[in-house]
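Q: The structure under discussion is supplied below as structure tokens; questions concerning it will follow.
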Amino acid sequence: MPKARIRRPSVLAVATALAALVAAAPAQAHVQAHAPGALPALTPRAETAPLYDDEAGGNSDADDPAIWRNAADPGRSLVVATAKEGGLRVYDLDARQVQHLPAPAGPAPGDAPGRFNNVDLVHGLKLSTGRADIAVTSDRGNDRLRFYRIDRDRPGGPLTDVTDPAAAPVFSAGQGEINEQRTAYGLATWTDRATGRSYAVVSRRERTRVALLELLPGRSGTVGYRTIRTLDLPSAFRLPNGTSWTPCGEPGQLPQVEGMVVDPADGTLYAGQEDVGVWRLRADLTGTPTLVDKVREYGVPGTYDEDIDECVPGADPGYGGKRLAADVEGLTLLTERGGDGYVLASSQGDNTFAAYDRERGEDGEGNEYEGGFRVTAASTALDGSEECDGAAALNAPLGAKYPHGLLVVQDGDETPQASGREATGFKFVRLDDVVDALED
């Protein structure tokens, strides 16, 4: 059952109106003019074919992308993306699908099927057969990580499943717990530059727990993992008026984390707790987390209404942030030379993206807000991004189409839709458009 959400009709109405205003914009205008105080509007260069979360569409639901750069031929780089029960989809830079890998079934009839939630990459992972680039995905349905070796010119498709058959559940003690689906959810990978060891940080659905897993080579070129430690982020918060606040959700649900990214320069993890805000902490899960920014709804009381399966908000006490509308979702890193760059976060509640300074001062503070943008329609056929779940940025030349890099964002409301079927997909945006918008 989906997570209960607070109703935000006014925000959705504004977003819909804005999308309609730009629907007829020319496709060649990649950064649209904006009124003073309004966020810049960027337009995508390409989009993937729509995915449909129904039986005819293979229960495919776009969620999270990762960008793999082909160093030998950057124009033939790839985008690897999750589609929940629809498995993994691999796209070229024209947003055309080049491979589909199905999610594995549950171990027995009636068990939860495989459901790929988030994806990230590890470059040059040491395997028993040599080093390789690996795509790592969280299989929420089976509570495991799965691993795919990337070989661009391999016959049959560039990705090959190299998951160790002995890989154990990340959080669950047995299949009964797995079927309850409080399982592996958000995902970020990183390699410790001091030791050369590679890790995945994985969050747990409907819980505040995150786990640090070390990635380990198995037999015959496979990859497994072991748990190093876990950390629980807060589920209740003390407000300035002295009261305690917990984000509203269905009974038994805690405020979960999904979007995560690790800055490889210093091993800093940024984690989006969906109804709370963006946390900064050490990727090895030691030390004390710092809340970088809060969602606007932070501190707003809510009551779960079973009849409408939603949370009805109370009066806003005014303790929330100004830039993020819950849920805070896909986090990605836009790196620049000398440690410059941005942490980008999807503000799902108002269809915008917020950018925070990647650099931090000597006092440990920083990550100041640097601006934001929207991804809006380039034409009636090429829409923007709404209700974005996941994003990935790569600041490196990617051939003629993206000479200054690429931003890929999930579109949770793909339009136009066919026969009323709800659709999702991914949008490709030139990264230099993003940088220009943030530095304007």
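Here's how to read the names in the structure tokens: chain A, B, ... by the order shown, residue numbers from 1 in each chain, ligand numbers from 1 in the order shown.
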Which residues come within 12 Å of stretch 153-157 of chain A, counting only C-alpha atoms, excluding same-chain residues fewer than 6 positions away, as a PyMOL selection string?

A: chain A and resi 70+72-73+76-78+80+88-92+97-101

Q: Would you mind exporting all heavy atoms of the selected residues as a short mmCIF file (atom, residue, chain, number, x, y, z; two decimals), in the first residue's frame?

A:
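In the end it all went to again-v5.cif:
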data_model
loop_
_atom_site.label_atom_id
_atom_site.label_comp_id
_atom_site.auth_asym_id
_atom_site.auth_seq_id
_atom_site.Cartn_x
_atom_site.Cartn_y
_atom_site.Cartn_z
N ASN A 70 30.93 5.87 -20.94
CA ASN A 70 31.82 5.02 -21.73
C ASN A 70 33.08 5.84 -22.03
O ASN A 70 33.08 6.70 -22.91
CB ASN A 70 31.11 4.61 -23.03
CG ASN A 70 31.94 3.65 -23.88
OD1 ASN A 70 33.15 3.52 -23.69
ND2 ASN A 70 31.26 2.98 -24.80
N ALA A 72 35.82 5.13 -23.43
CA ALA A 72 36.41 4.92 -24.75
C ALA A 72 35.60 5.62 -25.84
O ALA A 72 36.16 6.01 -26.87
CB ALA A 72 36.51 3.43 -25.04
N ASP A 73 34.31 5.79 -25.63
CA ASP A 73 33.44 6.40 -26.63
C ASP A 73 32.29 7.08 -25.89
O ASP A 73 31.20 6.52 -25.76
CB ASP A 73 32.92 5.34 -27.60
CG ASP A 73 32.18 5.93 -28.79
OD1 ASP A 73 31.97 7.16 -28.80
OD2 ASP A 73 31.83 5.17 -29.71
N ARG A 76 28.57 6.96 -26.62
CA ARG A 76 27.87 5.68 -26.49
C ARG A 76 27.71 5.30 -25.01
O ARG A 76 27.65 4.14 -24.65
CB ARG A 76 28.61 4.58 -27.23
CG ARG A 76 28.71 4.83 -28.74
CD ARG A 76 29.44 3.71 -29.46
NE ARG A 76 28.66 2.47 -29.43
CZ ARG A 76 29.14 1.30 -29.01
NH1 ARG A 76 30.40 1.22 -28.56
NH2 ARG A 76 28.40 0.22 -29.04
N SER A 77 27.62 6.32 -24.18
CA SER A 77 27.37 6.10 -22.76
C SER A 77 25.93 5.63 -22.55
O SER A 77 25.11 5.64 -23.48
CB SER A 77 27.64 7.37 -21.96
OG SER A 77 29.01 7.76 -22.08
N LEU A 78 25.61 5.24 -21.33
CA LEU A 78 24.32 4.59 -21.04
C LEU A 78 23.66 5.21 -19.81
O LEU A 78 24.33 5.73 -18.92
CB LEU A 78 24.52 3.10 -20.78
CG LEU A 78 25.14 2.27 -21.90
CD1 LEU A 78 25.50 0.88 -21.39
CD2 LEU A 78 24.18 2.16 -23.09
N VAL A 80 21.18 3.75 -16.89
CA VAL A 80 20.58 2.56 -16.27
C VAL A 80 19.51 3.04 -15.31
O VAL A 80 19.77 3.92 -14.48
CB VAL A 80 21.64 1.72 -15.53
CG1 VAL A 80 21.01 0.46 -14.95
CG2 VAL A 80 22.81 1.38 -16.45
N LEU A 88 15.08 -3.56 -14.61
CA LEU A 88 16.01 -2.53 -15.04
C LEU A 88 15.80 -2.23 -16.52
O LEU A 88 15.57 -3.14 -17.32
CB LEU A 88 17.47 -2.97 -14.84
CG LEU A 88 18.08 -2.86 -13.45
CD1 LEU A 88 19.54 -3.31 -13.51
CD2 LEU A 88 17.98 -1.45 -12.89
N ARG A 89 15.92 -0.94 -16.87
CA ARG A 89 15.90 -0.52 -18.26
C ARG A 89 17.22 0.18 -18.55
O ARG A 89 17.71 0.98 -17.73
CB ARG A 89 14.75 0.44 -18.54
CG ARG A 89 13.37 -0.11 -18.15
CD ARG A 89 12.98 -1.33 -18.96
NE ARG A 89 11.79 -1.97 -18.46
CZ ARG A 89 10.64 -2.06 -19.13
NH1 ARG A 89 10.55 -1.52 -20.35
NH2 ARG A 89 9.61 -2.66 -18.61
N VAL A 90 17.81 -0.10 -19.69
CA VAL A 90 19.06 0.53 -20.10
C VAL A 90 18.78 1.33 -21.37
O VAL A 90 18.20 0.80 -22.33
CB VAL A 90 20.16 -0.51 -20.36
CG1 VAL A 90 21.48 0.18 -20.68
CG2 VAL A 90 20.34 -1.42 -19.14
N TYR A 91 19.18 2.61 -21.35
CA TYR A 91 18.91 3.51 -22.46
C TYR A 91 20.22 4.08 -23.01
O TYR A 91 21.20 4.25 -22.28
CB TYR A 91 18.03 4.68 -22.01
CG TYR A 91 16.71 4.27 -21.40
CD1 TYR A 91 16.54 4.20 -20.02
CD2 TYR A 91 15.62 3.95 -22.21
CE1 TYR A 91 15.32 3.84 -19.45
CE2 TYR A 91 14.39 3.58 -21.66
CZ TYR A 91 14.26 3.52 -20.28
OH TYR A 91 13.05 3.16 -19.73
N ASP A 92 20.20 4.42 -24.32
CA ASP A 92 21.33 5.16 -24.88
C ASP A 92 21.07 6.66 -24.71
O ASP A 92 20.05 7.06 -24.10
CB ASP A 92 21.57 4.77 -26.34
CG ASP A 92 20.41 5.12 -27.27
OD1 ASP A 92 19.54 5.94 -26.89
OD2 ASP A 92 20.37 4.57 -28.39
N GLN A 97 15.62 2.58 -25.57
CA GLN A 97 15.92 1.41 -24.76
C GLN A 97 16.81 0.44 -25.53
O GLN A 97 16.51 0.08 -26.67
CB GLN A 97 14.64 0.70 -24.34
CG GLN A 97 14.87 -0.51 -23.44
CD GLN A 97 13.59 -1.10 -22.92
OE1 GLN A 97 12.82 -0.43 -22.24
NE2 GLN A 97 13.33 -2.36 -23.25
N VAL A 98 17.91 0.02 -24.89
CA VAL A 98 18.81 -0.94 -25.52
C VAL A 98 18.80 -2.28 -24.79
O VAL A 98 19.30 -3.28 -25.33
CB VAL A 98 20.25 -0.40 -25.59
CG1 VAL A 98 20.30 0.86 -26.44
CG2 VAL A 98 20.81 -0.12 -24.20
N GLN A 99 18.23 -2.33 -23.58
CA GLN A 99 18.16 -3.59 -22.84
C GLN A 99 17.11 -3.49 -21.76
O GLN A 99 16.89 -2.43 -21.17
CB GLN A 99 19.53 -3.94 -22.22
CG GLN A 99 19.61 -5.35 -21.64
CD GLN A 99 20.98 -5.66 -21.07
OE1 GLN A 99 21.82 -4.77 -20.90
NE2 GLN A 99 21.24 -6.93 -20.79
N HIS A 100 16.46 -4.62 -21.49
CA HIS A 100 15.51 -4.74 -20.39
C HIS A 100 15.86 -6.00 -19.62
O HIS A 100 15.91 -7.10 -20.19
CB HIS A 100 14.08 -4.83 -20.92
CG HIS A 100 13.07 -5.20 -19.87
ND1 HIS A 100 11.95 -5.95 -20.14
CD2 HIS A 100 13.02 -4.92 -18.54
CE1 HIS A 100 11.25 -6.13 -19.03
NE2 HIS A 100 11.88 -5.52 -18.05
N LEU A 101 16.10 -5.84 -18.32
CA LEU A 101 16.40 -6.98 -17.46
C LEU A 101 15.26 -7.11 -16.44
O LEU A 101 15.04 -6.21 -15.63
CB LEU A 101 17.73 -6.80 -16.73
CG LEU A 101 18.95 -6.72 -17.65
CD1 LEU A 101 19.40 -5.28 -17.78
CD2 LEU A 101 20.08 -7.57 -17.13
#

Q: Which residues come within 10 Å of A:Ala393, counting only C-alpha atoms, excluding same-chain residues fewer than 5 positions away, as a PyMOL selection string?

A: chain A and resi 65-67+331-335+343-344+405-409+428-431+434

Q: Taking the chain letters and numbering used in this document, name the residues of stretch 110-222 of chain A that DSSP puts in helix (DSSP H, G or I), as a list in words.

A: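 Taking stretch 110-222 of chain A and keeping helix (DSSP H, G or I) gives Gln175, Gly176, Glu177, Ile178, Asn179, Arg219, Ser220 and Gly221 of chain A.
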
Q: Would you pick out the contacts of A:Ala200 at 10 Å or less, using only C-alpha atoms, so that residues sharing its chain but fewer than 6 positions from it are not included, and give the list as a PyMOL selection string?

A: chain A and resi 120-122+136-138+145+187-191+211-215+225-227+262+283-284

Q: Keeping only N, CA and C atoms, write those residues as a PDB file, in the first residue's frame.

A:
ATOM      1  N   ASP A 120      22.583   2.616  -8.438  1.00  0.00           N
ATOM      2  CA  ASP A 120      23.796   3.425  -8.416  1.00  0.00           C
ATOM      3  C   ASP A 120      24.909   2.604  -9.048  1.00  0.00           C
ATOM      4  N   LEU A 121      26.070   3.229  -9.258  1.00  0.00           N
ATOM      5  CA  LEU A 121      27.180   2.583  -9.942  1.00  0.00           C
ATOM      6  C   LEU A 121      28.409   2.497  -9.053  1.00  0.00           C
ATOM      7  N   VAL A 122      29.222   1.462  -9.283  1.00  0.00           N
ATOM      8  CA  VAL A 122      30.566   1.355  -8.699  1.00  0.00           C
ATOM      9  C   VAL A 122      31.532   1.157  -9.851  1.00  0.00           C
ATOM     10  N   VAL A 136      24.429  -1.332  -9.321  1.00  0.00           N
ATOM     11  CA  VAL A 136      23.879  -1.919  -8.092  1.00  0.00           C
ATOM     12  C   VAL A 136      22.453  -1.426  -7.924  1.00  0.00           C
ATOM     13  N   THR A 137      21.525  -2.339  -7.663  1.00  0.00           N
ATOM     14  CA  THR A 137      20.143  -1.935  -7.463  1.00  0.00           C
ATOM     15  C   THR A 137      19.586  -2.550  -6.186  1.00  0.00           C
ATOM     16  N   SER A 138      18.701  -1.809  -5.538  1.00  0.00           N
ATOM     17  CA  SER A 138      18.006  -2.341  -4.363  1.00  0.00           C
ATOM     18  C   SER A 138      16.750  -3.061  -4.835  1.00  0.00           C
ATOM     19  N   LEU A 145      20.332  -6.681  -2.418  1.00  0.00           N
ATOM     20  CA  LEU A 145      20.970  -5.933  -3.482  1.00  0.00           C
ATOM     21  C   LEU A 145      21.250  -6.876  -4.637  1.00  0.00           C
ATOM     22  N   LEU A 187      19.231   3.804  -1.987  1.00  0.00           N
ATOM     23  CA  LEU A 187      20.557   3.233  -2.204  1.00  0.00           C
ATOM     24  C   LEU A 187      21.532   4.307  -2.671  1.00  0.00           C
ATOM     25  N   ALA A 188      22.745   4.264  -2.123  1.00  0.00           N
ATOM     26  CA  ALA A 188      23.859   5.056  -2.637  1.00  0.00           C
ATOM     27  C   ALA A 188      25.131   4.238  -2.462  1.00  0.00           C
ATOM     28  N   THR A 189      26.021   4.283  -3.444  1.00  0.00           N
ATOM     29  CA  THR A 189      27.286   3.551  -3.348  1.00  0.00           C
ATOM     30  C   THR A 189      28.437   4.537  -3.196  1.00  0.00           C
ATOM     31  N   TRP A 190      29.559   4.047  -2.658  1.00  0.00           N
ATOM     32  CA  TRP A 190      30.757   4.884  -2.547  1.00  0.00           C
ATOM     33  C   TRP A 190      31.970   3.997  -2.332  1.00  0.00           C
ATOM     34  N   THR A 191      33.118   4.523  -2.704  1.00  0.00           N
ATOM     35  CA  THR A 191      34.384   3.825  -2.519  1.00  0.00           C
ATOM     36  C   THR A 191      35.277   4.670  -1.625  1.00  0.00           C
ATOM     37  N   ALA A 211      21.594   1.215   6.493  1.00  0.00           N
ATOM     38  CA  ALA A 211      22.621   0.199   6.753  1.00  0.00           C
ATOM     39  C   ALA A 211      23.813   0.442   5.849  1.00  0.00           C
ATOM     40  N   LEU A 212      25.001   0.199   6.384  1.00  0.00           N
ATOM     41  CA  LEU A 212      26.240   0.262   5.615  1.00  0.00           C
ATOM     42  C   LEU A 212      26.651  -1.157   5.259  1.00  0.00           C
ATOM     43  N   LEU A 213      26.745  -1.456   3.963  1.00  0.00           N
ATOM     44  CA  LEU A 213      27.115  -2.777   3.482  1.00  0.00           C
ATOM     45  C   LEU A 213      28.437  -2.683   2.730  1.00  0.00           C
ATOM     46  N   GLU A 214      29.377  -3.561   3.033  1.00  0.00           N
ATOM     47  CA  GLU A 214      30.601  -3.643   2.253  1.00  0.00           C
ATOM     48  C   GLU A 214      30.371  -4.602   1.097  1.00  0.00           C
ATOM     49  N   LEU A 215      30.764  -4.198  -0.111  1.00  0.00           N
ATOM     50  CA  LEU A 215      30.603  -5.035  -1.292  1.00  0.00           C
ATOM     51  C   LEU A 215      31.801  -5.967  -1.404  1.00  0.00           C
ATOM     52  N   TYR A 225      27.818  -9.105  -0.327  1.00  0.00           N
ATOM     53  CA  TYR A 225      27.965  -8.000   0.626  1.00  0.00           C
ATOM     54  C   TYR A 225      27.836  -8.516   2.056  1.00  0.00           C
ATOM     55  N   ARG A 226      28.306  -7.697   2.988  1.00  0.00           N
ATOM     56  CA  ARG A 226      28.116  -7.956   4.411  1.00  0.00           C
ATOM     57  C   ARG A 226      27.782  -6.647   5.107  1.00  0.00           C
ATOM     58  N   THR A 227      26.971  -6.735   6.161  1.00  0.00           N
ATOM     59  CA  THR A 227      26.559  -5.544   6.902  1.00  0.00           C
ATOM     60  C   THR A 227      27.657  -5.124   7.869  1.00  0.00           C
ATOM     61  N   VAL A 262      26.403  10.015  -2.083  1.00  0.00           N
ATOM     62  CA  VAL A 262      27.640  10.183  -1.318  1.00  0.00           C
ATOM     63  C   VAL A 262      28.603  11.043  -2.124  1.00  0.00           C
ATOM     64  N   ALA A 283      29.372   8.863   5.544  1.00  0.00           N
ATOM     65  CA  ALA A 283      28.879   7.700   4.811  1.00  0.00           C
ATOM     66  C   ALA A 283      29.179   6.395   5.532  1.00  0.00           C
ATOM     67  N   ASP A 284      30.143   6.405   6.465  1.00  0.00           N
ATOM     68  CA  ASP A 284      30.390   5.184   7.236  1.00  0.00           C
ATOM     69  C   ASP A 284      29.433   5.060   8.422  1.00  0.00           C
TER      70      ASP A 284
END

Q: Atom CA of A:Gly390 and atom CA of A:Pro158, how far apart in Å?

A: 22.2 Å

Q: Which polymer residues have any atom within 8 Å of an atom of A:Gly277, counting only C-alpha atoms, with same-chain residues fewer than 6 positions away left out, as a PyMOL selection string?

A: chain A and resi 291-295+298+324+328

Q: Would you kindly return, as a ChimeraX atom specification, each protein, DNA or RNA residue with an atom no farther than 10 Å from any atom of stretch 345-348 of chain A, considering only C-alpha atoms and excluding same-chain residues fewer than 4 positions away?

A: /A:259-261,270-272,274,277-278,295,323-333,352-356,372-374,385-391,409-410,412

Q: Could you take the residues named above and write them with N, CA, C and O atoms, as a compact mmCIF listing (two decimals), in the first residue's frame?

A:
# COMPACT_ATOMS: atom_id res chain seq x y z
N GLY A 259 15.93 8.95 -1.26
CA GLY A 259 16.99 9.58 -2.04
C GLY A 259 18.27 9.76 -1.24
O GLY A 259 18.24 10.34 -0.15
N MET A 260 19.40 9.26 -1.77
CA MET A 260 20.69 9.39 -1.10
C MET A 260 21.78 9.53 -2.14
O MET A 260 21.67 9.02 -3.25
N VAL A 261 22.86 10.23 -1.75
CA VAL A 261 24.05 10.33 -2.59
C VAL A 261 25.25 10.56 -1.68
O VAL A 261 25.13 11.18 -0.63
N TYR A 270 24.50 12.39 1.87
CA TYR A 270 23.32 13.24 1.94
C TYR A 270 22.11 12.32 1.77
O TYR A 270 22.04 11.55 0.80
N ALA A 271 21.18 12.39 2.71
CA ALA A 271 20.05 11.47 2.73
C ALA A 271 18.76 12.26 2.87
O ALA A 271 18.63 13.11 3.77
N GLY A 272 17.80 11.97 1.99
CA GLY A 272 16.51 12.65 2.03
C GLY A 272 15.50 11.84 2.83
O GLY A 272 15.05 10.79 2.37
N GLU A 274 11.94 11.67 3.62
CA GLU A 274 10.95 12.22 2.71
C GLU A 274 10.08 13.33 3.30
O GLU A 274 9.86 14.36 2.66
N GLY A 277 13.36 16.25 5.65
CA GLY A 277 14.33 17.13 5.00
C GLY A 277 15.57 16.37 4.58
O GLY A 277 15.56 15.13 4.47
N VAL A 278 16.65 17.10 4.32
CA VAL A 278 17.91 16.53 3.85
C VAL A 278 18.90 16.48 5.00
O VAL A 278 19.20 17.51 5.62
N VAL A 295 11.74 20.27 5.01
CA VAL A 295 10.61 20.49 4.11
C VAL A 295 9.70 21.55 4.71
O VAL A 295 9.72 21.81 5.91
N ARG A 323 12.32 25.83 0.84
CA ARG A 323 12.68 25.43 -0.52
C ARG A 323 12.20 24.06 -0.93
O ARG A 323 12.17 23.75 -2.12
N LEU A 324 11.87 23.19 0.02
CA LEU A 324 11.51 21.81 -0.28
C LEU A 324 10.06 21.56 0.14
O LEU A 324 9.66 21.89 1.25
N ALA A 325 9.30 20.97 -0.77
CA ALA A 325 7.94 20.55 -0.47
C ALA A 325 7.91 19.03 -0.45
O ALA A 325 8.30 18.38 -1.42
N ALA A 326 7.48 18.46 0.66
CA ALA A 326 7.47 17.01 0.80
C ALA A 326 6.71 16.34 -0.34
O ALA A 326 5.68 16.87 -0.79
N ASP A 327 7.26 15.25 -0.83
CA ASP A 327 8.42 14.55 -0.31
C ASP A 327 9.71 15.10 -0.91
O ASP A 327 9.73 15.48 -2.08
N VAL A 328 10.80 15.10 -0.08
CA VAL A 328 12.11 15.29 -0.66
C VAL A 328 12.57 13.94 -1.18
O VAL A 328 12.55 12.95 -0.46
N GLU A 329 12.93 13.89 -2.46
CA GLU A 329 13.17 12.60 -3.09
C GLU A 329 14.58 12.51 -3.66
O GLU A 329 15.54 12.64 -2.93
N GLY A 330 14.68 12.30 -5.01
CA GLY A 330 15.97 12.00 -5.60
C GLY A 330 17.07 13.00 -5.28
O GLY A 330 16.91 14.20 -5.52
N LEU A 331 18.17 12.54 -4.74
CA LEU A 331 19.35 13.35 -4.49
C LEU A 331 20.46 12.92 -5.44
O LEU A 331 20.66 11.74 -5.69
N THR A 332 21.18 13.91 -5.98
CA THR A 332 22.32 13.62 -6.83
C THR A 332 23.36 14.71 -6.65
O THR A 332 23.08 15.77 -6.08
N LEU A 333 24.56 14.45 -7.14
CA LEU A 333 25.69 15.35 -6.94
C LEU A 333 26.15 15.88 -8.29
O LEU A 333 26.40 15.12 -9.22
N THR A 352 9.81 20.91 -8.27
CA THR A 352 11.01 21.71 -8.46
C THR A 352 12.23 20.94 -8.00
O THR A 352 12.12 19.84 -7.42
N PHE A 353 13.41 21.52 -8.25
CA PHE A 353 14.67 20.96 -7.78
C PHE A 353 15.43 22.04 -7.03
O PHE A 353 15.49 23.20 -7.48
N ALA A 354 15.99 21.67 -5.88
CA ALA A 354 16.75 22.61 -5.06
C ALA A 354 18.23 22.24 -5.13
O ALA A 354 18.58 21.06 -5.14
N ALA A 355 19.08 23.27 -5.15
CA ALA A 355 20.53 23.07 -5.24
C ALA A 355 21.20 23.66 -4.01
O ALA A 355 20.93 24.81 -3.63
N TYR A 356 22.08 22.86 -3.38
CA TYR A 356 22.82 23.27 -2.20
C TYR A 356 24.31 23.23 -2.52
O TYR A 356 24.78 22.35 -3.24
N GLY A 372 17.37 27.09 -7.49
CA GLY A 372 16.59 25.93 -7.92
C GLY A 372 16.13 26.09 -9.35
O GLY A 372 16.44 27.08 -10.02
N PHE A 373 15.36 25.12 -9.83
CA PHE A 373 14.87 25.15 -11.19
C PHE A 373 13.72 24.16 -11.32
O PHE A 373 13.47 23.34 -10.44
N ARG A 374 13.03 24.27 -12.45
CA ARG A 374 12.01 23.31 -12.83
C ARG A 374 12.42 22.66 -14.15
O ARG A 374 13.18 23.25 -14.92
N SER A 385 9.05 17.30 -16.04
CA SER A 385 9.11 16.32 -14.95
C SER A 385 8.19 16.77 -13.83
O SER A 385 8.32 17.87 -13.31
N GLU A 386 7.29 15.88 -13.45
CA GLU A 386 6.39 16.12 -12.32
C GLU A 386 6.54 14.98 -11.31
O GLU A 386 6.80 13.85 -11.69
N GLU A 387 6.39 15.31 -10.04
CA GLU A 387 6.42 14.31 -8.97
C GLU A 387 7.67 13.44 -9.06
O GLU A 387 7.62 12.21 -8.97
N CYS A 388 8.82 14.09 -9.24
CA CYS A 388 10.07 13.37 -9.53
C CYS A 388 10.54 12.53 -8.35
O CYS A 388 10.70 13.03 -7.24
N ASP A 389 10.81 11.25 -8.62
CA ASP A 389 11.32 10.32 -7.61
C ASP A 389 12.84 10.27 -7.57
O ASP A 389 13.43 10.16 -6.50
N GLY A 390 13.49 10.25 -8.73
CA GLY A 390 14.94 10.03 -8.77
C GLY A 390 15.62 10.90 -9.79
O GLY A 390 15.00 11.34 -10.77
N ALA A 391 16.92 11.15 -9.57
CA ALA A 391 17.69 11.99 -10.49
C ALA A 391 19.15 11.56 -10.46
O ALA A 391 19.63 11.01 -9.46
N VAL A 409 16.23 12.95 -15.02
CA VAL A 409 15.26 13.03 -13.93
C VAL A 409 14.06 12.15 -14.25
O VAL A 409 13.66 12.01 -15.41
N GLN A 410 13.52 11.54 -13.22
CA GLN A 410 12.31 10.74 -13.38
C GLN A 410 11.12 11.66 -13.54
O GLN A 410 11.06 12.76 -12.95
N GLY A 412 7.20 11.48 -12.91
CA GLY A 412 6.17 10.66 -12.29
C GLY A 412 4.80 10.82 -12.89
O GLY A 412 3.84 10.16 -12.45

Q: Pick from A:Pro416, A:Pro403, A:Gly252, A:Gly302: nearest to A:Pro50, with only C-alpha atoms counted?

A: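 Of all the options, A:Pro416 lies closest to A:Pro50.
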
Q: I'd like the contact shell of A:Val257 - 9 Å cut-off, only C-alpha atoms, skipping same-chain residues fewer than 3 positions apart - returned as number ranges by chain.

A: A: 185-186, 203-210, 233, 260, 271-275, 329
